[in-house]
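Asker: Handing you this structure, nothing more for now.
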Amino acid sequence: FILDTTLRDGEQTSGVSFTASEKLALAKMLLEDVKVDRLEIAAARVSAGEEKGAKKILDWASKSGFISKIEILGFTDGKRSVDWIKSVGGKVLNLLGKGSLKHVEGQLRKTPAEHLEDLKGVIQYAQSNDITVNLYLEDWSNGMANSRDYVHFLLDGLKASGVQRFMLPDT
C-alpha cells in the first residue's frame, strides 16, 4: 500500500504551508488521479489551520467514498488526539509510538511498561469511538539496532490490541 504524507509531513518543510482549499485540492488529486491507497492529512491538535483543513477534506471524503482512506497522525496523549480526530470527522488514527528504548527513556522519561500501557489506553479509547488504529514505531531502526528486546516487548504487548497496521518510519 502507498501511504502519502504530503499533506502532513510536507508542511514541515520551511516556507510550506497549505490553505484548507489547497489541502482539499491536493487530497482530491492524490486519491482520484494518482490513486494512492491511504492519505495522511494532518497531525491532531497542531493548529486551527490543521483543523479547518482536516474538516474540509473529511467532509469531501465522506461524501465521495474515500473516508476510510483518510488518516490523521495522533499522539499518546490520553483522549486528546482521539477526541480531536473524532471532532473533525476522522475514522483512522495513525498513533505515534516510540520504537526505541532511547526515545522512551530520553523523550518520554518513561519505562517500556508505562509506554505500552499508555499506547494500549489510546488504542482502546479510539476503538471504543469507532476509530481504526495504525501504529507508527518512531525510531524503530535504532530500536532494532540498539534495543531489540524493547521493540519485541512492545510488539508482543500490542499484537492482540487490534492495531490494523504497524508502520516503520525511520525517524
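Ordering of the C-alpha cells sets the chain letters (A, B, ...), residue numbers begin anew at 1 in every chain, and ligands are numbered from 1 in the order given.
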Report as a list in words all protein, DNA and RNA residues lying within 9 Å of A:Leu135, evaluated on only C-alpha atoms, omitting residues in the same chain fewer than 2 positions from it.

Answerer: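 The filter keeps Leu93, Asn94, Leu95, Leu96, Gly97, Val133, Leu137, Val163, Gln164, Arg165, Phe166, Met167 and Leu168 of chain A.
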
Asker: Would you kindly return, as a list in words, each protein, DNA or RNA residue with an atom no farther than 12 Å from any atom of A:Lys102, considering only C-alpha atoms and excluding same-chain residues fewer than 3 positions away?

Answerer: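 So the residues in contact are Lys98, Gly99, Glu105, Gly106, Gln107, Leu108, Arg109, Lys110, Thr111, Pro112, Glu138, Asp139, Trp140, Ser141, Asn142, Gly143, Met144, Ala145, Asn146, Ser147, Arg148, Tyr150 and Val151 of chain A.
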
Asker: In Å to one decimal, how far is atom CA of A:Gly65 from atom CA of A:Ser161?

Answerer: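 Interatomic distance here is 27.2 Å.
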
Asker: Using only C-alpha atoms, I'd like a table of the residues in stretch 95-120 of chain A that come within 12 Å of stretch 78-81 of chain A; for each, show the closest atom pair and its distance in Å rounded to one decimal, ordered by chain and ascending number, as JSON lines.

Answerer:
```
{"residue": "A:Leu95", "atom": "CA", "partner": "A:Ser81", "partner_atom": "CA", "distance": 9.0}
{"residue": "A:Leu96", "atom": "CA", "partner": "A:Ser81", "partner_atom": "CA", "distance": 10.7}
{"residue": "A:His115", "atom": "CA", "partner": "A:Gly78", "partner_atom": "CA", "distance": 11.5}
{"residue": "A:Glu117", "atom": "CA", "partner": "A:Gly78", "partner_atom": "CA", "distance": 10.6}
{"residue": "A:Asp118", "atom": "CA", "partner": "A:Gly78", "partner_atom": "CA", "distance": 7.3}
{"residue": "A:Leu119", "atom": "CA", "partner": "A:Gly78", "partner_atom": "CA", "distance": 8.6}
{"residue": "A:Lys120", "atom": "CA", "partner": "A:Gly78", "partner_atom": "CA", "distance": 9.9}
```

Asker: Tell me which of A:His152, A:Arg8, A:Lys55, A:Lys35 sits closest to A:Lys86, counting only C-alpha atoms.

Answerer: A:Lys55

Asker: Based on the backbone DSSP call, show me all residues of stretch 14-145 of chain A assigned alpha helix (DSSP H), as a PDB file with C-alpha atoms, in the first residue's frame.

Answerer:
```
ATOM      1  CA  ALA A  20      -7.548  24.393   3.612  1.00  0.00           C
ATOM      2  CA  SER A  21      -8.610  24.755  -0.035  1.00  0.00           C
ATOM      3  CA  GLU A  22      -5.136  23.801  -1.273  1.00  0.00           C
ATOM      4  CA  LYS A  23      -5.155  20.760   1.006  1.00  0.00           C
ATOM      5  CA  LEU A  24      -8.530  19.693  -0.370  1.00  0.00           C
ATOM      6  CA  ALA A  25      -7.359  20.106  -3.984  1.00  0.00           C
ATOM      7  CA  LEU A  26      -4.223  18.059  -3.247  1.00  0.00           C
ATOM      8  CA  ALA A  27      -6.242  15.372  -1.456  1.00  0.00           C
ATOM      9  CA  LYS A  28      -8.597  15.050  -4.420  1.00  0.00           C
ATOM     10  CA  ALA A  48      -6.658  25.801  13.906  1.00  0.00           C
ATOM     11  CA  GLY A  49      -5.488  25.664  10.281  1.00  0.00           C
ATOM     12  CA  GLU A  50      -4.915  21.904  10.516  1.00  0.00           C
ATOM     13  CA  GLU A  51      -8.373  21.509  11.999  1.00  0.00           C
ATOM     14  CA  LYS A  52     -10.015  23.548   9.233  1.00  0.00           C
ATOM     15  CA  GLY A  53      -8.163  21.632   6.505  1.00  0.00           C
ATOM     16  CA  ALA A  54      -8.941  18.262   8.071  1.00  0.00           C
ATOM     17  CA  LYS A  55     -12.652  19.065   8.345  1.00  0.00           C
ATOM     18  CA  LYS A  56     -12.785  20.200   4.721  1.00  0.00           C
ATOM     19  CA  ILE A  57     -11.057  17.061   3.430  1.00  0.00           C
ATOM     20  CA  LEU A  58     -13.018  14.689   5.661  1.00  0.00           C
ATOM     21  CA  ASP A  59     -16.342  16.259   4.659  1.00  0.00           C
ATOM     22  CA  TRP A  60     -15.477  15.767   0.980  1.00  0.00           C
ATOM     23  CA  ALA A  61     -14.090  12.259   1.612  1.00  0.00           C
ATOM     24  CA  SER A  62     -17.228  11.115   3.436  1.00  0.00           C
ATOM     25  CA  LYS A  63     -19.393  12.260   0.508  1.00  0.00           C
ATOM     26  CA  SER A  64     -17.041  10.792  -2.114  1.00  0.00           C
ATOM     27  CA  ARG A  80      -6.977  14.339  23.401  1.00  0.00           C
ATOM     28  CA  SER A  81      -5.881  13.205  19.913  1.00  0.00           C
ATOM     29  CA  VAL A  82      -8.752  10.746  19.585  1.00  0.00           C
ATOM     30  CA  ASP A  83     -11.286  13.399  20.614  1.00  0.00           C
ATOM     31  CA  TRP A  84      -9.787  15.839  18.098  1.00  0.00           C
ATOM     32  CA  ILE A  85      -9.900  13.261  15.291  1.00  0.00           C
ATOM     33  CA  LYS A  86     -13.499  12.401  16.133  1.00  0.00           C
ATOM     34  CA  SER A  87     -14.468  16.092  16.225  1.00  0.00           C
ATOM     35  CA  VAL A  88     -13.197  16.658  12.665  1.00  0.00           C
ATOM     36  CA  LEU A 101      14.269   2.439  24.171  1.00  0.00           C
ATOM     37  CA  LYS A 102      16.321   5.616  23.711  1.00  0.00           C
ATOM     38  CA  HIS A 103      13.186   7.562  22.751  1.00  0.00           C
ATOM     39  CA  PRO A 112       8.742   0.459  28.439  1.00  0.00           C
ATOM     40  CA  ALA A 113       5.840  -0.917  30.511  1.00  0.00           C
ATOM     41  CA  GLU A 114       4.467   2.597  31.109  1.00  0.00           C
ATOM     42  CA  HIS A 115       4.669   3.455  27.396  1.00  0.00           C
ATOM     43  CA  LEU A 116       2.974   0.181  26.465  1.00  0.00           C
ATOM     44  CA  GLU A 117       0.104   0.887  28.877  1.00  0.00           C
ATOM     45  CA  ASP A 118      -0.236   4.446  27.539  1.00  0.00           C
ATOM     46  CA  LEU A 119      -0.442   3.109  23.973  1.00  0.00           C
ATOM     47  CA  LYS A 120      -2.997   0.471  24.943  1.00  0.00           C
ATOM     48  CA  GLY A 121      -5.142   3.131  26.598  1.00  0.00           C
ATOM     49  CA  VAL A 122      -5.219   5.314  23.481  1.00  0.00           C
ATOM     50  CA  ILE A 123      -5.870   2.294  21.250  1.00  0.00           C
ATOM     51  CA  GLN A 124      -8.781   1.106  23.398  1.00  0.00           C
ATOM     52  CA  TYR A 125     -10.286   4.584  23.598  1.00  0.00           C
ATOM     53  CA  ALA A 126     -10.000   5.076  19.817  1.00  0.00           C
ATOM     54  CA  GLN A 127     -11.601   1.713  19.128  1.00  0.00           C
ATOM     55  CA  SER A 128     -14.440   2.476  21.549  1.00  0.00           C
ATOM     56  CA  TRP A 140      12.409   1.672  15.116  1.00  0.00           C
ATOM     57  CA  SER A 141      15.617   1.123  13.100  1.00  0.00           C
ATOM     58  CA  ASN A 142      17.663   2.421  16.029  1.00  0.00           C
ATOM     59  CA  GLY A 143      15.458   0.344  18.281  1.00  0.00           C
ATOM     60  CA  MET A 144      16.280  -2.789  16.299  1.00  0.00           C
ATOM     61  CA  ALA A 145      19.970  -1.932  16.284  1.00  0.00           C
TER      62      ALA A 145
END
```

Asker: Which is closest to A:Asn134 among A:Ser47, A:Leu30, A:Gly162, A:Ala42, if we use only C-alpha atoms?

Answerer: A:Gly162

Asker: Rounded to one decimal, what separation in Å do you get between atom CA of A:Arg38 and atom CA of A:Leu3?

Answerer: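 Between atom CA of A:Arg38 and atom CA of A:Leu3 the gap is 4.6 Å.
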
Asker: One decimal, in Å: what's the spacing between atom CA of A:Thr6 and atom CA of A:Lys69?

Answerer: 14.3 Å

Asker: Pick out each residue of chain A that DSSP on the backbone tags as strand (DSSP E or B); I need them as a list in words.

Answerer: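 Reading the DSSP output for chain A, strand (DSSP E or B) covers Leu3, Asp4, Arg38, Leu39, Glu40, Ile41, Ala42, Ala43, Ile70, Glu71, Ile72, Leu73, Gly74, Val92, Leu93, Asn94, Leu95, Leu96, Gly97, Lys98, Thr132, Val133, Asn134, Leu135, Tyr136, Leu137, Glu138, Phe166 and Met167 of chain A.
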